[in-house]
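Peer 1: Following this line is final.tsv, made up of TSV, C-alpha atoms and all ligand atoms:
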chain	number	residue	atom	x	y	z
D	1	MET	CA	52.74	28.07	22.14
D	2	ARG	CA	52.97	27.26	25.84
D	3	ALA	CA	54.61	23.90	25.04
D	4	SER	CA	57.65	25.63	23.56
D	5	PHE	CA	58.58	26.83	27.07
D	6	ASP	CA	58.26	23.36	28.57
D	7	VAL	CA	60.84	21.88	30.80
D	8	HIS	CA	63.05	19.13	29.35
D	9	PRO	CA	62.07	15.70	30.77
D	10	ARG	CA	65.71	14.99	31.63
D	11	ALA	CA	65.77	18.11	33.84
D	12	VAL	CA	62.80	16.74	35.79
D	13	ALA	CA	64.43	13.29	35.96
D	14	SER	CA	67.70	14.75	37.33
D	15	GLY	CA	65.80	16.82	39.88
D	16	LEU	CA	63.82	13.79	41.04
D	17	ALA	CA	66.96	11.65	41.20
D	18	SER	CA	68.56	14.15	43.56
D	19	PHE	CA	65.89	13.28	46.18
D	20	VAL	CA	67.05	9.64	46.19
D	21	PRO	CA	69.65	9.31	48.98
D	22	GLY	CA	72.14	7.08	47.09
D	23	LEU	CA	71.96	9.21	43.95
D	24	HIS	CA	72.45	12.62	45.55
D	25	ARG	CA	76.24	12.36	45.40
D	26	PHE	CA	76.07	12.05	41.60
D	27	THR	CA	74.59	15.55	41.26
D	28	ASN	CA	76.63	18.63	40.33
D	29	ARG	CA	79.47	16.54	38.93
D	30	GLY	CA	81.69	18.27	36.38
D	31	SER	CA	81.23	21.95	35.84
D	32	GLY	CA	82.05	24.28	32.99
D	33	GLY	CA	85.14	24.31	30.82
D	34	THR	CA	88.11	24.81	33.15
D	35	MET	CA	89.50	21.32	32.46
D	36	SER	CA	90.81	22.94	29.28
D	37	ALA	CA	93.89	25.16	29.61
D	38	ARG	CA	92.94	26.95	26.39
D	39	TYR	CA	89.53	27.84	27.83
D	40	CYS	CA	91.14	29.15	31.04
D	41	TYR	CA	93.71	31.17	29.07
D	42	SER	CA	90.96	32.60	26.89
D	43	VAL	CA	88.68	33.58	29.79
D	44	TRP	CA	91.42	35.22	31.86
D	45	LEU	CA	92.82	37.21	28.93
D	46	ARG	CA	89.32	38.30	27.87
D	47	HIS	CA	88.64	39.73	31.35
D	48	LEU	CA	92.10	41.35	31.38
D	49	VAL	CA	91.77	42.95	27.94
D	50	ARG	CA	88.31	44.26	28.79
D	51	ALA	CA	89.67	45.65	32.07
D	52	GLN	CA	92.26	47.64	30.19
D	53	GLN	CA	89.67	48.91	27.71
D	54	SER	CA	87.64	50.21	30.66
D	55	GLY	CA	90.63	51.96	32.18
D	56	LEU	CA	90.84	49.50	35.10
D	57	PRO	CA	94.17	48.35	36.58
D	58	THR	CA	95.62	45.25	34.88
D	59	ASP	CA	98.38	44.24	37.31
D	60	PRO	CA	96.55	43.01	40.44
D	61	ALA	CA	98.71	41.43	43.14
D	62	CYS	CA	95.85	39.57	44.84
D	63	VAL	CA	93.16	38.00	42.64
D	64	ALA	CA	90.03	36.21	43.90
D	65	GLU	CA	87.67	34.03	41.89
D	66	LEU	CA	84.19	32.83	42.66
D	67	GLY	CA	83.34	29.38	41.30
D	68	PRO	CA	86.48	28.17	39.46
D	69	GLY	CA	84.89	24.80	38.62
D	70	ASP	CA	86.89	21.79	37.43
D	71	SER	CA	90.35	23.37	37.74
D	72	LEU	CA	91.91	26.54	39.09
D	73	GLY	CA	93.19	27.30	35.58
D	74	ILE	CA	91.65	30.76	35.09
D	75	GLY	CA	93.22	31.98	38.33
D	76	LEU	CA	96.50	30.25	37.51
D	77	ALA	CA	96.54	32.27	34.29
D	78	ALA	CA	96.22	35.36	36.52
D	79	VAL	CA	99.19	34.15	38.58
D	80	LEU	CA	101.20	33.57	35.38
D	81	SER	CA	100.36	37.16	34.42
D	82	GLY	CA	102.05	38.36	37.62
D	83	ALA	CA	99.62	38.02	40.57
D	84	ASP	CA	101.31	36.58	43.65
D	85	ARG	CA	98.17	35.57	45.50
D	86	TYR	CA	95.09	33.79	44.15
D	87	VAL	CA	92.10	32.74	46.25
D	88	ALA	CA	89.42	30.53	44.71
D	89	LEU	CA	86.08	29.99	46.43
D	90	ASP	CA	83.70	27.28	45.34
D	91	VAL	CA	80.55	25.89	46.85
D	92	LYS	CA	81.75	22.37	46.07
D	93	VAL	CA	85.12	20.69	45.48
D	94	HIS	CA	85.47	20.17	41.72
D	95	ALA	CA	89.20	20.82	41.17
D	96	ASN	CA	92.12	18.64	42.23
D	97	VAL	CA	95.90	19.00	42.38
D	98	PRO	CA	96.90	16.70	39.46
D	99	ARG	CA	94.45	18.44	37.12
D	100	ASN	CA	95.53	21.90	38.31
D	101	LEU	CA	99.17	20.98	37.66
D	102	GLN	CA	98.39	19.64	34.20
D	103	VAL	CA	96.40	22.74	33.23
D	104	PHE	CA	99.16	24.91	34.71
D	105	GLU	CA	101.90	23.34	32.52
D	106	GLU	CA	99.76	23.88	29.42
D	107	LEU	CA	99.14	27.49	30.46
D	108	VAL	CA	102.89	28.07	30.87
D	109	GLN	CA	103.39	26.96	27.27
D	110	LEU	CA	100.59	29.19	25.98
D	111	PHE	CA	102.11	32.22	27.75
D	112	ARG	CA	105.64	31.32	26.58
D	113	ASP	CA	104.32	31.17	23.00
D	114	ARG	CA	102.41	34.42	23.52
D	115	ALA	CA	99.59	32.51	21.84
D	116	SER	CA	96.56	34.35	20.45
D	117	ILE	CA	93.48	34.34	22.65
D	118	PRO	CA	91.23	31.40	21.66
D	119	ASP	CA	88.26	33.01	19.93
D	120	ASP	CA	84.71	32.23	18.84
D	121	SER	CA	85.83	29.53	16.44
D	122	GLU	CA	86.93	27.51	19.48
D	123	TRP	CA	84.68	28.86	22.29
D	124	PRO	CA	81.61	30.28	20.54
D	125	LEU	CA	79.53	30.58	23.71
D	126	THR	CA	82.19	32.20	25.88
D	127	GLN	CA	81.74	35.78	27.04
D	128	PRO	CA	82.93	38.49	26.96
D	129	LYS	CA	83.75	38.91	23.30
D	130	LEU	CA	86.78	40.87	22.08
D	131	ALA	CA	87.32	42.98	18.98
D	132	ARG	CA	90.78	41.40	18.52
D	133	TYR	CA	92.11	38.11	19.85
D	134	ALA	CA	95.83	38.77	19.41
D	135	PHE	CA	98.05	38.25	22.48
D	136	PRO	CA	97.72	41.48	24.53
D	137	ASP	CA	101.34	42.75	24.20
D	138	GLN	CA	100.31	46.13	25.54
D	139	ILE	CA	99.19	44.63	28.89
D	140	LEU	CA	101.71	41.78	29.14
D	141	PRO	CA	104.92	43.09	27.52
D	142	ALA	CA	107.87	40.73	27.12
D	143	ALA	CA	109.69	42.08	30.20
D	144	ARG	CA	106.68	41.51	32.48
D	145	MET	CA	106.19	37.98	31.14
D	146	GLN	CA	109.89	37.16	31.39
D	147	ALA	CA	109.73	37.96	35.10
D	148	SER	CA	106.48	36.14	35.74
D	149	LEU	CA	107.59	33.03	33.80
D	150	ALA	CA	111.04	32.81	35.46
D	151	GLU	CA	111.87	29.18	36.34
D	152	SER	CA	112.31	30.00	40.03
D	153	ARG	CA	108.83	31.59	40.10
D	154	LEU	CA	107.24	28.66	38.25
D	155	ARG	CA	108.73	26.30	40.85
D	156	GLU	CA	107.11	28.35	43.61
D	157	ILE	CA	103.74	28.27	41.83
D	158	ARG	CA	103.93	24.47	41.43
D	159	ARG	CA	104.64	24.15	45.15
D	160	ALA	CA	101.70	26.42	45.95
D	161	ILE	CA	99.37	24.37	43.72
D	162	ALA	CA	100.49	21.20	45.50
D	163	GLY	CA	99.65	22.82	48.86
D	164	GLU	CA	103.28	23.18	49.99
D	165	PRO	CA	104.68	26.33	51.60
D	166	ALA	CA	105.70	28.69	48.78
D	167	GLY	CA	106.47	32.30	47.96
D	168	ILE	CA	103.25	32.45	45.89
D	169	GLN	CA	99.86	31.73	47.42
D	170	VAL	CA	97.21	29.58	45.75
D	171	ASP	CA	94.29	29.05	48.14
D	172	TYR	CA	91.36	26.84	47.21
D	173	ARG	CA	88.48	27.20	49.67
D	174	ALA	CA	85.78	24.68	48.82
D	175	PRO	CA	83.22	24.49	50.10
D	176	TRP	CA	83.29	28.05	51.41
D	177	ASN	CA	80.52	29.11	53.74
D	178	ASP	CA	81.98	32.00	55.70
D	179	PRO	CA	82.78	35.46	54.27
D	180	ALA	CA	85.65	35.67	56.78
D	181	THR	CA	87.44	33.07	54.64
D	182	ILE	CA	89.08	36.05	52.88
D	183	GLU	CA	90.49	38.93	54.91
D	184	ALA	CA	88.67	42.24	54.59
D	185	ALA	CA	90.06	44.76	52.09
D	186	SER	CA	92.70	42.34	50.74
D	187	VAL	CA	91.64	41.69	47.12
D	188	ASP	CA	92.86	43.81	44.16
D	189	TYR	CA	90.71	42.12	41.53
D	190	LEU	CA	87.84	39.66	41.70
D	191	PHE	CA	86.13	37.85	38.84
D	192	SER	CA	83.68	35.08	38.05
D	193	GLN	CA	82.76	33.29	34.87
D	194	ALA	CA	79.32	31.70	34.53
D	195	VAL	CA	78.87	31.55	38.32
D	196	LEU	CA	76.61	34.28	39.71
D	197	GLU	CA	73.55	32.75	38.05
D	198	HIS	CA	74.16	29.65	40.22
D	199	VAL	CA	74.75	31.30	43.59
D	200	GLU	CA	71.87	30.61	45.98
D	201	ASP	CA	72.45	33.42	48.46
D	202	LEU	CA	73.28	36.44	46.35
D	203	GLU	CA	72.69	38.86	49.27
D	204	VAL	CA	75.44	37.26	51.35
D	205	THR	CA	77.76	36.78	48.39
D	206	TYR	CA	77.62	40.40	47.14
D	207	ALA	CA	78.08	41.68	50.71
D	208	ALA	CA	81.07	39.34	51.13
D	209	MET	CA	82.62	40.46	47.84
D	210	ARG	CA	82.36	44.06	48.97
D	211	THR	CA	84.07	43.19	52.22
D	212	TRP	CA	86.98	41.43	50.51
D	213	MET	CA	87.77	44.18	47.99
D	214	LYS	CA	90.36	46.86	48.62
D	215	PRO	CA	88.88	50.37	48.31
D	216	ALA	CA	88.22	51.19	44.62
D	217	ALA	CA	89.33	47.71	43.47
D	218	PRO	CA	87.61	46.37	40.33
D	219	MET	CA	85.76	43.17	39.61
D	220	SER	CA	84.22	41.60	36.51
D	221	HIS	CA	81.54	38.97	36.06
D	222	SER	CA	80.09	37.17	33.10
D	223	ILE	CA	76.54	36.11	34.02
D	224	ASP	CA	74.24	33.90	31.95
D	225	PHE	CA	70.52	34.33	32.66
D	226	SER	CA	69.36	31.55	30.35
D	227	SER	CA	67.67	28.35	31.50
D	228	HIS	CA	70.94	26.38	31.03
D	229	ASP	CA	69.10	23.92	28.83
D	230	LEU	CA	66.61	22.95	31.55
D	231	THR	CA	63.80	24.08	29.23
D	232	ARG	CA	63.34	24.17	25.49
D	233	ALA	CA	63.27	27.97	25.33
D	234	TRP	CA	66.24	29.98	26.66
D	235	ASN	CA	63.87	31.83	29.03
D	236	GLY	CA	61.57	28.88	29.90
D	237	HIS	CA	62.78	28.77	33.53
D	238	TRP	CA	60.87	32.03	34.11
D	239	ALA	CA	57.67	30.30	32.96
D	240	LEU	CA	57.88	27.43	35.46
D	241	GLY	CA	55.67	27.63	38.55
D	242	ASP	CA	57.22	27.11	41.97
D	243	GLY	CA	55.86	23.55	42.37
D	244	LEU	CA	57.48	22.25	39.21
D	245	TRP	CA	60.63	24.27	39.93
D	246	ARG	CA	60.99	22.56	43.35
D	247	ILE	CA	61.13	19.21	41.53
D	248	VAL	CA	63.59	20.41	38.87
D	249	ARG	CA	65.75	22.11	41.51
D	250	GLY	CA	65.71	18.98	43.67
D	251	THR	CA	68.30	18.81	46.45
D	252	ARG	CA	71.27	19.64	44.25
D	253	ARG	CA	73.93	21.79	45.88
D	254	TYR	CA	73.25	24.40	43.21
D	255	LEU	CA	71.35	24.75	39.96
D	256	ILE	CA	70.35	28.21	38.71
D	257	ASN	CA	68.87	30.88	40.95
D	258	ARG	CA	66.49	32.29	38.28
D	259	GLU	CA	67.37	35.85	39.35
D	260	PRO	CA	67.30	38.42	36.51
D	261	TRP	CA	69.83	41.18	35.80
D	262	SER	CA	67.95	43.78	37.88
D	263	THR	CA	68.61	41.73	41.05
D	264	HIS	CA	72.37	41.87	40.41
D	265	LEU	CA	72.29	45.57	39.58
D	266	ALA	CA	70.40	46.32	42.79
D	267	LEU	CA	72.88	44.26	44.84
D	268	LEU	CA	75.87	45.95	43.21
D	269	LYS	CA	74.48	49.33	44.17
D	270	LYS	CA	73.36	48.25	47.65
D	271	ASN	CA	76.88	47.04	48.40
D	272	GLY	CA	78.67	50.13	47.17
D	273	PHE	CA	79.88	48.89	43.76
D	274	ALA	CA	79.82	51.43	40.97
D	275	PRO	CA	79.30	49.77	37.57
D	276	VAL	CA	81.98	50.75	35.06
D	277	LEU	CA	80.62	48.71	32.16
D	278	ILE	CA	77.32	46.90	31.68
D	279	GLU	CA	77.27	44.88	28.48
D	280	PRO	CA	73.94	43.08	28.09
D	281	ARG	CA	73.21	40.33	25.60
D	282	GLY	CA	69.66	40.21	24.36
D	283	GLY	CA	67.47	37.14	24.01
D	284	GLU	CA	64.40	36.84	21.85
D	285	VAL	CA	61.09	36.65	23.69
D	286	ALA	CA	58.39	34.76	21.78
D	287	PRO	CA	55.06	36.66	21.54
D	288	GLY	CA	53.14	34.08	23.62
D	289	PHE	CA	55.62	34.01	26.48
D	290	ARG	CA	53.93	34.22	29.89
D	291	PRO	CA	56.16	34.40	32.99
D	292	ALA	CA	55.07	32.35	36.00
D	293	GLY	CA	53.48	34.18	38.94
D	294	ARG	CA	56.55	35.38	40.77
D	295	PHE	CA	58.23	36.55	37.56
D	296	ARG	CA	55.25	38.56	36.27
D	297	HIS	CA	56.67	41.75	37.75
D	298	LEU	CA	59.90	41.46	35.69
D	299	SER	CA	60.49	44.35	33.33
D	300	ALA	CA	60.66	43.86	29.57
D	301	GLU	CA	64.37	44.59	29.90
D	302	ASP	CA	64.93	41.78	32.42
D	303	LEU	CA	62.84	39.33	30.41
D	304	SER	CA	64.91	39.93	27.28
D	305	THR	CA	68.36	39.99	28.93
D	306	ARG	CA	70.03	36.66	28.31
D	307	GLY	CA	73.43	37.55	29.70
D	308	VAL	CA	75.53	40.41	31.03
D	309	PHE	CA	79.24	41.14	31.25
D	310	VAL	CA	79.65	43.63	34.06
D	311	GLN	CA	82.67	45.45	35.47
D	312	ALA	CA	82.34	47.43	38.68
D	313	ARG	CA	84.54	49.18	41.21
D	314	ALA	CA	84.18	48.97	44.94
D	315	SER	CA	83.55	52.34	46.52
D	316	SER	CA	86.65	54.00	47.91
D	317	ARG	CA	85.41	53.44	51.48
D	318	SER	CA	86.86	50.30	53.08
D	319	TYR	CA	84.70	47.80	54.97
D	320	PRO	CA	86.93	46.50	57.75
D	321	SER	CA	84.48	44.27	59.65
D	322	VAL	CA	83.53	40.85	58.33
D	323	ARG	CA	80.13	39.41	59.08
D	324	SER	CA	79.95	35.65	59.50
D	325	ALA	CA	77.13	33.99	57.60
D	326	SER	CA	76.62	30.94	55.44
D	327	THR	CA	76.22	31.00	51.69
D	328	GLY	CA	73.41	29.14	50.00
T	1	LIG	C1	78.98	26.59	35.34
T	1	LIG	S1	80.22	26.37	36.53
T	1	LIG	C2	81.45	27.53	35.96
T	1	LIG	C3	82.84	27.10	36.32
T	1	LIG	C4	83.97	27.97	35.72
T	1	LIG	N1	83.91	29.31	36.24
T	1	LIG	C5	83.93	27.97	34.22
T	1	LIG	O1	83.99	29.05	33.61
T	1	LIG	O2	83.90	26.87	33.63
T	1	LIG	C6	79.56	27.14	37.97
T	1	LIG	C7	80.49	27.11	39.17
T	1	LIG	O3	79.92	27.93	40.21
T	1	LIG	C8	80.12	27.26	41.43
T	1	LIG	N2	79.22	27.82	42.44
T	1	LIG	C9	77.88	27.65	42.58
T	1	LIG	N3	77.44	28.32	43.67
T	1	LIG	C10	78.51	28.95	44.21
T	1	LIG	C11	78.71	29.78	45.36
T	1	LIG	N4	77.70	30.10	46.18
T	1	LIG	N5	79.97	30.22	45.62
T	1	LIG	C12	81.00	29.88	44.81
T	1	LIG	N6	80.86	29.10	43.72
T	1	LIG	C13	79.65	28.63	43.43
T	1	LIG	C14	79.91	25.81	41.08
T	1	LIG	O4	80.35	24.91	42.04
T	1	LIG	C15	80.70	25.73	39.77
T	1	LIG	O5	82.06	25.55	40.04
Take the structure in this file and express it as C-alpha cells.
Peer 2:
Amino acid sequence: MRASFDVHPRAVASGLASFVPGLHRFTNRGSGGTMSARYCYSVWLRHLVRAQQSGLPTDPACVAELGPGDSLGIGLAAVLSGADRYVALDVKVHANVPRNLQVFEELVQLFRDRASIPDDSEWPLTQPKLARYAFPDQILPAARMQASLAESRLREIRRAIAGEPAGIQVDYRAPWNDPATIEAASVDYLFSQAVLEHVEDLEVTYAAMRTWMKPAAPMSHSIDFSSHDLTRAWNGHWALGDGLWRIVRGTRRYLINREPWSTHLALLKKNGFAPVLIEPRGGEVAPGFRPAGRFRHLSAEDLSTRGVFVQARASSRSYPSVRSASTG
C-alpha cells in the first residue's frame, strides 16, 4: 500500500539535477498554459463570470496577477475587458514581449468574435468550472467591448506591452521580491491561477496582497493542493519525509509548498480578507494513507481537499504602509 504513495523517480532525478551548478538554470523552465491565448481567455472569463455570480464588481480599473507564467495573456484579457492598468508579479521571468504580443492579437480576435469560453472539452483540468460557457454578454455588453476594442486603445495596449510609454499600463515585475513593488491600496481586483501552491513565503505574500488592495476590493485564486505529479498518488507529497523532500525540492526557484487549504484560510483571515466563496474539490484518500510526521496533524478535511477556488474581499480598512521584505 505504501508504495502507491511513492515519489516518481523523475521527480528525484530533477531535484538532484538542480544541485548541479551547470544544470540549475534548466530548472523551472516553462510554466502552465498561458502560451495559449484560448487558455488565457478561458481563465480570465471564468474568474470574471464567477465574480459576477458572487455579486463582486466586474469592471476593475487596476488588475494585479500573481504568477502569470509563460505570457501575460490572462491579464491582457482583463485589459481587453476594460482595465487600464495591469500589474503582473512573478518569481521568475517566463514571459517575453513577442509572445505577449502574439497572444494579445489572438485574444483581440476572440473578443471581437465574442467567442464562447473554452470549456472542459478543451481544458479539462482548468478551474473554476462554469455552469455555462457562452460569452458573458451580461458582463461585457457590445457597447463596453466596442470601447475597449477601439483601434486607438489597442494601439496603446500594444505600446504598453512593448514597454513604450502608453495611455494603458502593463507592468511585468519579475522577479519581484519587495511588496512595495505595487503601491498600497491601488488594486481593484487581484487573481492567481495555479500559483499559490508554489509560493514559498505565503506569510509575506498574503500580507503584501492585503497591502495592495483597495478597501473592500475582491480577489480570486484557484489553488491546486495535489502533488503536481511528483508522486504516484495525488496526495503522495504529504507522505514524504523531510529528508526525501529536500532532495525532490532541490534548489529550484519554486516547486510546491505542500501547504494545505487550512494554511490559506488562516492567512486570509489573519490579513483581513473575508471569504466570499470557498469552493473545494475533493480528492480520494486511500485507506492505508499515512501522512509524514509534520503532516500528521492535518485534519481529514485538509487531507481530502485537492483544490480550492476562493474569492475574498479585503476588509474595508485600508493599509497605507508597505513593509519591505523578500518573498521566498
Ligand atoms: C503552474 S505556473 C501557473 C502559471 C499561470 N498562472 C497559468 O495559469 O498557466 C506557476 C507560476 O507561479 C509562479 N510563482 C511561483 N512562486 C511565485 C511567487 N512567490 N510570486 C509570484 N509568482 C510565483 C511561477 O513562476 C509560475 O509562473
Peer 1: Any residue with an atom at most 9 Å from ligand LIG 1 (chain T) counts, using all atoms listed in the file. Which are they? Put them as a PyMOL selection string.
Peer 2: chain D and resi 28-35+39-40+43+65-72+74+88-95+126+174-177+192-202+205+253-256+327-328
Peer 1: Hey, what's within 6 Å of D:Ala166 if we count all atoms listed in the file and toss same-chain stuff fewer than 3 positions away? As a ChimeraX atom specification, please?
Peer 2: /D:156,159-160
Peer 1: Take the residues just selected and output them with C-alpha atoms as a PDB file, keeping the file's coordinate frame.
Peer 2:
ATOM      1  CA  GLU D 156     107.110  28.350  43.610  1.00  0.00           C
ATOM      2  CA  ARG D 159     104.640  24.150  45.150  1.00  0.00           C
ATOM      3  CA  ALA D 160     101.700  26.420  45.950  1.00  0.00           C
TER       4      ALA D 160
END
Peer 1: Could you work out how far atom CA of D:Ile161 lies from atom CA of D:Val103, giving the answer in Å with one decimal?
Peer 2: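 Going from atom CA of D:Val103 over to atom CA of D:Ile161 covers 11.0 Å.
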Peer 1: Find the distance between atom CA of D:Gly241 and atom CA of D:Asn257 and write it in Å to one decimal.
Peer 2: 13.8 Å
Peer 1: Identify which of the residues D:Val79, D:Val97, D:Ile117, D:Ile139 lies closest to D:Arg153, counting all atoms listed in the file when measuring atom-to-atom distances.
Peer 2: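 Of D:Val79, D:Val97, D:Ile117, D:Ile139, the one nearest D:Arg153, counting all atoms listed in the file, is D:Val79.
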Peer 1: Could you state the separation of atom CA of D:Gly167 and atom CA of D:Leu149 in Å, given to one decimal place?
Peer 2: 14.2 Å
Peer 1: When you look at stretch 80-86 of chain D with a cut-off of 8 Å (counting all atoms listed in the file), what residues show up, excluding the ones that are within fewer than 2 positions of it in the same chain? I need them as a PDB file with C-alpha atoms, in the frame of the given file.
Peer 2:
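The new file result.pdb reads:
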ATOM      1  CA  ASP D  59      98.380  44.240  37.310  1.00  0.00           C
ATOM      2  CA  PRO D  60      96.550  43.010  40.440  1.00  0.00           C
ATOM      3  CA  ALA D  61      98.710  41.430  43.140  1.00  0.00           C
ATOM      4  CA  CYS D  62      95.850  39.570  44.840  1.00  0.00           C
ATOM      5  CA  VAL D  63      93.160  38.000  42.640  1.00  0.00           C
ATOM      6  CA  ALA D  64      90.030  36.210  43.900  1.00  0.00           C
ATOM      7  CA  GLU D  65      87.670  34.030  41.890  1.00  0.00           C
ATOM      8  CA  GLY D  75      93.220  31.980  38.330  1.00  0.00           C
ATOM      9  CA  LEU D  76      96.500  30.250  37.510  1.00  0.00           C
ATOM     10  CA  ALA D  77      96.540  32.270  34.290  1.00  0.00           C
ATOM     11  CA  ALA D  78      96.220  35.360  36.520  1.00  0.00           C
ATOM     12  CA  ALA D  88      89.420  30.530  44.710  1.00  0.00           C
ATOM     13  CA  VAL D 108     102.890  28.070  30.870  1.00  0.00           C
ATOM     14  CA  PHE D 111     102.110  32.220  27.750  1.00  0.00           C
ATOM     15  CA  LEU D 140     101.710  41.780  29.140  1.00  0.00           C
ATOM     16  CA  ARG D 144     106.680  41.510  32.480  1.00  0.00           C
ATOM     17  CA  MET D 145     106.190  37.980  31.140  1.00  0.00           C
ATOM     18  CA  SER D 148     106.480  36.140  35.740  1.00  0.00           C
ATOM     19  CA  LEU D 149     107.590  33.030  33.800  1.00  0.00           C
ATOM     20  CA  GLY D 167     106.470  32.300  47.960  1.00  0.00           C
ATOM     21  CA  ILE D 168     103.250  32.450  45.890  1.00  0.00           C
ATOM     22  CA  GLN D 169      99.860  31.730  47.420  1.00  0.00           C
ATOM     23  CA  VAL D 170      97.210  29.580  45.750  1.00  0.00           C
ATOM     24  CA  ASP D 171      94.290  29.050  48.140  1.00  0.00           C
TER      25      ASP D 171
END
Peer 1: Nearest to D:Tyr133: which of D:Leu230, D:Leu48, D:Ala13, D:Ala147 is it, counting all atoms listed in the file?
Peer 2: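 Going through D:Leu230, D:Leu48, D:Ala13, D:Ala147 one by one, the smallest distance to D:Tyr133 is for D:Leu48.
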Peer 1: Which residue, D:Pro57, D:Arg38, D:Ala131, D:Arg296, has the smallest gap to D:Glu105 when you use all atoms listed in the file?
Peer 2: D:Arg38
Peer 1: Out of D:Ala180, D:Val49, D:Leu303, D:Val12, which residue has the shortest atom-to-atom distance to D:Ser226 when counting all atoms listed in the file?
Peer 2: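 The closest residue to D:Ser226 is D:Leu303.
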Peer 1: Could you give me the axis-aligned bounding box of stretch 60-69 of chain D, with 6 Å of padding per side, as centre plus edge lengths in Å to one decimal, as JSON?
Peer 2:
{"center_x": 91.0, "center_y": 33.9, "center_z": 41.7, "size_x": 27.4, "size_y": 30.2, "size_z": 18.2}
Peer 1: Using all atoms listed in the file, which residue out of D:Ser42, D:Leu16, D:Gln311, D:Trp212 lies closest to D:Pro124?
Peer 2: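 Among the listed residues, the smallest separation from D:Pro124 belongs to D:Ser42.
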Peer 1: For stretch 183-187 of chain D, find every residue with an atom within 12 Å (counting all atoms listed in the file), except residues of its own chain fewer than 4 positions away, and show them as a PyMOL selection string.
Peer 2: chain D and resi 60-65+83-88+178-179+191+207-219+313-324
